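Here is the structure we will look at.
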Amino acid sequence: MPAIKIQSNDQYQKALAKIDAYMDMDNLSAAQEQQYEQLVAEVERYEESEFPIEPPNPVEAIIFRMEQNGLRQKDLIPFIGSKSKVSEVLNGKRSLSKEMMIKLHESLGIPLDSLMGLGNSGILQEQKTGAAMMLDGSRFPFSEMVKKGWISAPETKNLTPDDIRNIIQNTFGNIASSSMQPVMPKRTSTLKRVPDNYALKAWQLMVLKKAAEETLKATFDANWITHEFRAELAKLSYLDQGPLLAKEFLNKSGIHLIILEHLNKTYFSLVKLWK
């Protein structure tokens, strides 16, 4: 099959239409599957070349997170300061200070890269590369982590924040100091509660630790994620044992599926846990 090359907007539109047609089909032949994957890859290449995405505007990033969490301007006061400061920031009349950026990142999970346009980028780069230094041991739900058996620790009452940070780093290794992407918990439009970013990070650390301890026979290959693969995975949702079958299905493709009870203040929409 000849390589697909998109060189004009007309070819781009035709490729999109072809992709839509393939996605509406229940079963694809091997040749159709191959062409579908080639079309998707070429469309992505063309879009990156012709329609480059500019880095997110910091104010837009803040407003996006407000809409996502159902927040109002007054809810930003703990992170930015007074009501007038919040208004000035959102109107582009005031730059974010170092303290504001760190609070917005830690409390709302807004990526530091998205905040770099409103303040000293050098400070942000220092915070990014020194992620371990940003770990505030006093803010982790340490007692809850110990109670759940995630961490083995001595008497917790007399531990200092530095002690807690060291225990966490020793327990989770390099992943504790890495800059992880924020998790995206499912939430309803009426949910006004802001998740605790340290509770989210603690939960994420445990998920990654469990995945690292799990040995899969298959090595993940992104080329396996085809239209047919996604369709087969979706079909499992109809079965009573769907989650267990989905885990087996994903594991055979080199993909970990970790199911872990949430922590307080993560505010996950958790319905049921399967063991």
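Each chain in the structure tokens gets a letter, A, B and so on, in the order shown; residues start at 1 in every chain, and ligands are counted from 1 in the order they appear.
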Query raised in the report: Got a sec: who's within 9 Å of Leu250 of chain A, counting only C-alpha atoms, leaving out chain neighbours fewer than 6 positions off, as a ChimeraX atom specification?
Result: /A:233,256-257
Report task. Can you work out the spacing between atom CA of Leu90 of chain A and atom CA of Pro195 of chain A in Å, to one decimal? Result ->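 So the two atoms, atom CA of Leu90 of chain A and atom CA of Pro195 of chain A, lie 21.6 Å apart.
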Report task. Write out as a list in words each polymer residue whose atoms come within 9 Å of Ser237 of chain A, counting only C-alpha atoms; drop sequence neighbours fewer than 5 positions from it. Result -> Gly242, Pro243 and Ala246 of chain A
Could you give me, as JSON lines, a per-residue list for segment 94-119 of chain A showing, wherever an atom lies at most 8 Å from an atom of segment 68-82 of chain A, the closest pair of atoms and their distance in Å to one decimal, using only C-alpha atoms and sorting by chain then residue number from low to high?
```
{"residue": "A:Leu96", "atom": "CA", "partner": "A:Ile80", "partner_atom": "CA", "distance": 7.9}
{"residue": "A:Met100", "atom": "CA", "partner": "A:Ile80", "partner_atom": "CA", "distance": 5.2}
{"residue": "A:Lys103", "atom": "CA", "partner": "A:Phe79", "partner_atom": "CA", "distance": 5.4}
{"residue": "A:Leu104", "atom": "CA", "partner": "A:Phe79", "partner_atom": "CA", "distance": 5.9}
{"residue": "A:Ser107", "atom": "CA", "partner": "A:Phe79", "partner_atom": "CA", "distance": 8.0}
```
Enumerate the residues of segment 23-120 of chain A with a DSSP assignment of helix (DSSP H, G or I), computed from the backbone, and present them as a compact mmCIF listing (two decimals) with N, CA and C atoms, in the first residue's frame.
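For reference, states-v3.txt as written:
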```txt
# COMPACT_ATOMS: atom_id res chain seq x y z
N MET A 23 -14.35 4.80 11.29
CA MET A 23 -14.75 4.71 12.70
C MET A 23 -16.20 4.27 12.85
N ASP A 24 -17.02 4.50 11.82
CA ASP A 24 -18.43 4.08 11.85
C ASP A 24 -18.60 2.62 11.48
N ALA A 30 -7.91 -6.12 7.23
CA ALA A 30 -6.51 -5.81 7.56
C ALA A 30 -6.02 -4.61 6.75
N ALA A 31 -6.42 -4.56 5.48
CA ALA A 31 -5.99 -3.45 4.62
C ALA A 31 -6.64 -2.14 5.08
N GLN A 32 -7.91 -2.19 5.45
CA GLN A 32 -8.60 -0.99 5.93
C GLN A 32 -8.01 -0.52 7.25
N GLU A 33 -7.68 -1.48 8.13
CA GLU A 33 -7.07 -1.13 9.42
C GLU A 33 -5.73 -0.43 9.21
N GLN A 34 -4.96 -0.95 8.26
CA GLN A 34 -3.66 -0.35 7.97
C GLN A 34 -3.82 1.07 7.41
N GLN A 35 -4.78 1.24 6.49
CA GLN A 35 -5.00 2.56 5.93
C GLN A 35 -5.53 3.54 6.98
N TYR A 36 -6.38 3.05 7.87
CA TYR A 36 -6.92 3.88 8.95
C TYR A 36 -5.78 4.42 9.81
N GLU A 37 -4.86 3.54 10.21
CA GLU A 37 -3.74 3.96 11.05
C GLU A 37 -2.84 4.95 10.31
N GLN A 38 -2.62 4.72 9.02
CA GLN A 38 -1.79 5.63 8.23
C GLN A 38 -2.46 7.00 8.11
N LEU A 39 -3.77 7.00 7.90
CA LEU A 39 -4.50 8.26 7.80
C LEU A 39 -4.42 9.06 9.09
N VAL A 40 -4.62 8.39 10.22
CA VAL A 40 -4.56 9.07 11.52
C VAL A 40 -3.18 9.67 11.74
N ALA A 41 -2.14 8.90 11.45
CA ALA A 41 -0.78 9.39 11.65
C ALA A 41 -0.48 10.57 10.74
N GLU A 42 -0.94 10.51 9.49
CA GLU A 42 -0.66 11.59 8.55
C GLU A 42 -1.47 12.84 8.89
N VAL A 43 -2.71 12.67 9.35
CA VAL A 43 -3.52 13.81 9.78
C VAL A 43 -2.86 14.51 10.95
N GLU A 44 -2.36 13.74 11.91
CA GLU A 44 -1.67 14.32 13.06
C GLU A 44 -0.44 15.10 12.62
N ARG A 45 0.31 14.52 11.67
CA ARG A 45 1.51 15.21 11.17
C ARG A 45 1.15 16.51 10.48
N TYR A 46 0.09 16.47 9.65
CA TYR A 46 -0.33 17.66 8.91
C TYR A 46 -0.83 18.74 9.86
N GLU A 47 -1.60 18.34 10.87
CA GLU A 47 -2.13 19.32 11.82
C GLU A 47 -1.01 19.97 12.62
N GLU A 48 -0.02 19.19 13.02
CA GLU A 48 1.10 19.76 13.76
C GLU A 48 1.88 20.75 12.90
N SER A 49 1.93 20.48 11.60
CA SER A 49 2.68 21.35 10.69
C SER A 49 1.90 22.60 10.31
N GLU A 50 0.61 22.44 10.00
CA GLU A 50 -0.20 23.54 9.48
C GLU A 50 -0.98 24.29 10.55
N PRO A 58 -1.83 31.69 30.24
CA PRO A 58 -2.00 31.41 31.67
C PRO A 58 -3.39 31.74 32.20
N VAL A 59 -3.94 32.89 31.79
CA VAL A 59 -5.27 33.26 32.26
C VAL A 59 -6.30 32.24 31.76
N GLU A 60 -6.15 31.82 30.51
CA GLU A 60 -7.07 30.82 29.96
C GLU A 60 -6.96 29.51 30.72
N ALA A 61 -5.72 29.15 31.12
CA ALA A 61 -5.52 27.92 31.88
C ALA A 61 -6.22 27.99 33.23
N ILE A 62 -6.15 29.14 33.88
CA ILE A 62 -6.81 29.32 35.17
C ILE A 62 -8.33 29.27 35.00
N ILE A 63 -8.84 29.97 33.99
CA ILE A 63 -10.28 29.98 33.76
C ILE A 63 -10.79 28.59 33.39
N PHE A 64 -9.99 27.86 32.61
CA PHE A 64 -10.38 26.49 32.24
C PHE A 64 -10.52 25.62 33.48
N ARG A 65 -9.55 25.72 34.42
CA ARG A 65 -9.62 24.92 35.63
C ARG A 65 -10.79 25.37 36.51
N MET A 66 -11.10 26.67 36.50
CA MET A 66 -12.25 27.17 37.25
C MET A 66 -13.54 26.55 36.72
N GLU A 67 -13.68 26.52 35.40
CA GLU A 67 -14.88 25.95 34.79
C GLU A 67 -14.94 24.45 35.04
N GLN A 68 -13.80 23.80 34.99
CA GLN A 68 -13.74 22.36 35.20
C GLN A 68 -14.15 21.97 36.61
N ASN A 69 -13.75 22.79 37.60
CA ASN A 69 -14.04 22.49 39.00
C ASN A 69 -15.26 23.24 39.52
N GLN A 73 -14.73 33.33 41.10
CA GLN A 73 -13.54 34.15 41.37
C GLN A 73 -13.19 34.15 42.85
N LYS A 74 -14.17 34.18 43.72
CA LYS A 74 -13.90 34.23 45.16
C LYS A 74 -13.18 32.98 45.65
N ASP A 75 -13.34 31.86 44.90
CA ASP A 75 -12.68 30.62 45.30
C ASP A 75 -11.18 30.66 45.05
N LEU A 76 -10.72 31.65 44.27
CA LEU A 76 -9.29 31.78 43.99
C LEU A 76 -8.58 32.65 45.02
N ILE A 77 -9.32 33.27 45.91
CA ILE A 77 -8.71 34.17 46.90
C ILE A 77 -7.64 33.48 47.74
N PRO A 78 -7.86 32.22 48.19
CA PRO A 78 -6.82 31.56 48.99
C PRO A 78 -5.50 31.37 48.24
N PHE A 79 -5.54 31.36 46.89
CA PHE A 79 -4.34 31.11 46.11
C PHE A 79 -3.71 32.39 45.57
N ILE A 80 -4.52 33.40 45.33
CA ILE A 80 -4.03 34.64 44.71
C ILE A 80 -4.00 35.81 45.69
N LYS A 83 -9.87 39.74 46.67
CA LYS A 83 -10.81 39.72 45.56
C LYS A 83 -10.33 40.60 44.42
N SER A 84 -9.73 41.76 44.78
CA SER A 84 -9.25 42.68 43.75
C SER A 84 -8.07 42.08 42.99
N LYS A 85 -7.19 41.36 43.70
CA LYS A 85 -6.04 40.73 43.04
C LYS A 85 -6.50 39.66 42.06
N VAL A 86 -7.50 38.89 42.47
CA VAL A 86 -8.04 37.85 41.58
C VAL A 86 -8.57 38.49 40.31
N SER A 87 -9.32 39.55 40.46
CA SER A 87 -9.89 40.24 39.31
C SER A 87 -8.79 40.78 38.40
N GLU A 88 -7.76 41.36 39.00
CA GLU A 88 -6.66 41.94 38.21
C GLU A 88 -5.90 40.86 37.45
N VAL A 89 -5.68 39.71 38.08
CA VAL A 89 -4.98 38.61 37.40
C VAL A 89 -5.79 38.10 36.22
N LEU A 90 -7.09 37.86 36.44
CA LEU A 90 -7.93 37.31 35.38
C LEU A 90 -8.14 38.30 34.24
N LYS A 98 5.55 34.38 42.59
CA LYS A 98 6.03 33.01 42.81
C LYS A 98 5.08 32.24 43.70
N GLU A 99 4.65 32.87 44.80
CA GLU A 99 3.76 32.21 45.74
C GLU A 99 2.43 31.85 45.10
N MET A 100 1.89 32.77 44.27
CA MET A 100 0.62 32.51 43.61
C MET A 100 0.74 31.31 42.68
N MET A 101 1.81 31.26 41.90
CA MET A 101 2.00 30.18 40.94
C MET A 101 2.10 28.84 41.64
N ILE A 102 2.86 28.79 42.71
CA ILE A 102 3.03 27.53 43.43
C ILE A 102 1.71 27.07 44.03
N LYS A 103 0.95 28.01 44.62
CA LYS A 103 -0.34 27.65 45.21
C LYS A 103 -1.33 27.17 44.16
N LEU A 104 -1.37 27.83 43.01
CA LEU A 104 -2.28 27.42 41.94
C LEU A 104 -1.89 26.04 41.41
N HIS A 105 -0.60 25.81 41.31
CA HIS A 105 -0.11 24.51 40.82
C HIS A 105 -0.41 23.40 41.82
N GLU A 106 -0.07 23.64 43.08
CA GLU A 106 -0.22 22.59 44.09
C GLU A 106 -1.67 22.34 44.47
N SER A 107 -2.48 23.39 44.53
CA SER A 107 -3.85 23.25 45.00
C SER A 107 -4.85 22.92 43.90
N LEU A 108 -4.64 23.46 42.71
CA LEU A 108 -5.58 23.24 41.61
C LEU A 108 -5.02 22.34 40.52
N LEU A 112 2.70 23.88 35.67
CA LEU A 112 3.57 25.04 35.78
C LEU A 112 3.83 25.67 34.41
N ASP A 113 3.94 24.82 33.38
CA ASP A 113 4.17 25.36 32.03
C ASP A 113 3.07 26.32 31.62
N SER A 114 1.85 26.06 32.07
CA SER A 114 0.72 26.90 31.70
C SER A 114 0.73 28.23 32.44
N LEU A 115 1.48 28.31 33.51
CA LEU A 115 1.52 29.53 34.31
C LEU A 115 2.76 30.37 34.02
```
Query - Nearest to Thr215 of chain A, chosen from A:Asn251, A:Asn170, A:Ala153, A:Phe51, with only C-alpha atoms counted in the distances - result: A:Asn251
Query raised in the report: What gap, in Å, lies between atom CA of Ala199 of chain A and atom CA of Lys148 of chain A?
Result: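 Computing it gives 13.2 Å between the two atoms.
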**Report entry** Shell around Glu232 of chain A at 12 Å using only C-alpha atoms, local window under 6 positions removed, as a list of chain:residue names
**Finding:**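 Everything that qualifies: A:Asp26, A:Asn27, A:Ile225, A:Thr226, A:Tyr238, A:Gly242, A:Leu245, A:Ala246, A:Phe249, A:Leu250.
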Please provide the set of residues having any atom within 9 Å of Leu260 of chain A, restricted to only C-alpha atoms, with same-chain residues fewer than 2 positions apart removed, written as a CSV table (one decimal) with all heavy atoms, in the first residue's frame.
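Listed below is the output, selection10.csv:
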```csv
chain,number,residue,atom,x,y,z
A,203,TRP,N,-2.1,9.4,46.0
A,203,TRP,CA,-2.8,8.3,45.4
A,203,TRP,C,-2.1,7.9,44.1
A,203,TRP,O,-2.0,6.7,43.8
A,203,TRP,CB,-4.2,8.8,45.1
A,203,TRP,CG,-5.1,7.8,44.4
A,203,TRP,CD1,-5.8,6.8,45.0
A,203,TRP,CD2,-5.4,7.6,43.0
A,203,TRP,NE1,-6.5,6.0,44.1
A,203,TRP,CE2,-6.2,6.5,42.8
A,203,TRP,CE3,-4.9,8.3,41.9
A,203,TRP,CZ2,-6.7,6.1,41.6
A,203,TRP,CZ3,-5.4,7.9,40.6
A,203,TRP,CH2,-6.2,6.8,40.5
A,206,MET,N,1.0,5.8,44.7
A,206,MET,CA,0.7,4.4,45.0
A,206,MET,C,0.3,3.6,43.8
A,206,MET,O,0.6,2.5,43.6
A,206,MET,CB,-0.4,4.4,46.1
A,206,MET,CG,-0.6,3.0,46.7
A,206,MET,SD,1.0,2.5,47.5
A,206,MET,CE,0.6,0.8,47.9
A,207,VAL,N,-0.5,4.3,42.9
A,207,VAL,CA,-0.8,3.6,41.6
A,207,VAL,C,0.4,3.2,40.8
A,207,VAL,O,0.6,2.1,40.3
A,207,VAL,CB,-1.8,4.5,40.8
A,207,VAL,CG1,-1.9,3.9,39.4
A,207,VAL,CG2,-3.2,4.6,41.5
A,258,ILE,N,-4.7,-0.6,37.2
A,258,ILE,CA,-4.6,-0.6,38.6
A,258,ILE,C,-5.9,0.0,39.2
A,258,ILE,O,-6.3,1.1,38.8
A,258,ILE,CB,-3.4,0.3,39.1
A,258,ILE,CG1,-2.1,-0.2,38.4
A,258,ILE,CG2,-3.3,0.2,40.6
A,258,ILE,CD1,-1.7,-1.6,38.8
A,262,HIS,N,-9.6,5.4,46.7
A,262,HIS,CA,-9.2,6.8,46.8
A,262,HIS,C,-8.9,7.2,48.2
A,262,HIS,O,-9.2,6.5,49.2
A,262,HIS,CB,-10.3,7.7,46.2
A,262,HIS,CG,-11.5,7.8,47.0
A,262,HIS,ND1,-11.9,8.9,47.8
A,262,HIS,CD2,-12.5,6.8,47.3
A,262,HIS,CE1,-13.0,8.6,48.4
A,262,HIS,NE2,-13.4,7.4,48.1
A,273,LEU,N,-15.3,-1.0,43.9
A,273,LEU,CA,-14.0,-1.5,43.7
A,273,LEU,C,-14.0,-3.0,43.4
A,273,LEU,O,-14.8,-3.7,44.1
A,273,LEU,CB,-13.2,-1.3,45.0
A,273,LEU,CG,-12.7,0.2,45.3
A,273,LEU,CD1,-12.1,0.2,46.7
A,273,LEU,CD2,-11.8,0.7,44.3
```
Identify, on the basis of only C-alpha atoms, every residue whose closest approach to Trp224 of chain A does not exceed 12 Å; exclude the query and any residue fewer than 3 positions from it along the same chain; express the result as a JSON list (two decimals) with C-alpha atoms, in the first residue's frame.
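Full text of selection_18.json as output:
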```json
[["chain", "number", "residue", "atom", "x", "y", "z"],
["A", 33, "GLU", "CA", -7.07, -1.13, 9.42],
["A", 34, "GLN", "CA", -3.66, -0.35, 7.97],
["A", 37, "GLU", "CA", -3.74, 3.96, 11.05],
["A", 218, "ALA", "CA", 3.86, -8.43, 27.01],
["A", 219, "THR", "CA", 5.77, -5.26, 26.16],
["A", 220, "PHE", "CA", 3.52, -2.35, 25.29],
["A", 221, "ASP", "CA", 3.47, -1.27, 21.66],
["A", 227, "HIS", "CA", -9.80, 0.84, 16.11],
["A", 228, "GLU", "CA", -10.43, -2.88, 16.57],
["A", 229, "PHE", "CA", -8.56, -2.88, 19.91],
["A", 230, "ARG", "CA", -10.69, -0.02, 21.26],
["A", 250, "LEU", "CA", -5.05, -4.83, 28.79],
["A", 252, "LYS", "CA", -1.93, -9.04, 27.57],
["A", 253, "SER", "CA", -1.22, -5.86, 25.60],
["A", 254, "GLY", "CA", 1.39, -4.64, 28.05],
["A", 255, "ILE", "CA", -0.95, -2.11, 29.72]]
```
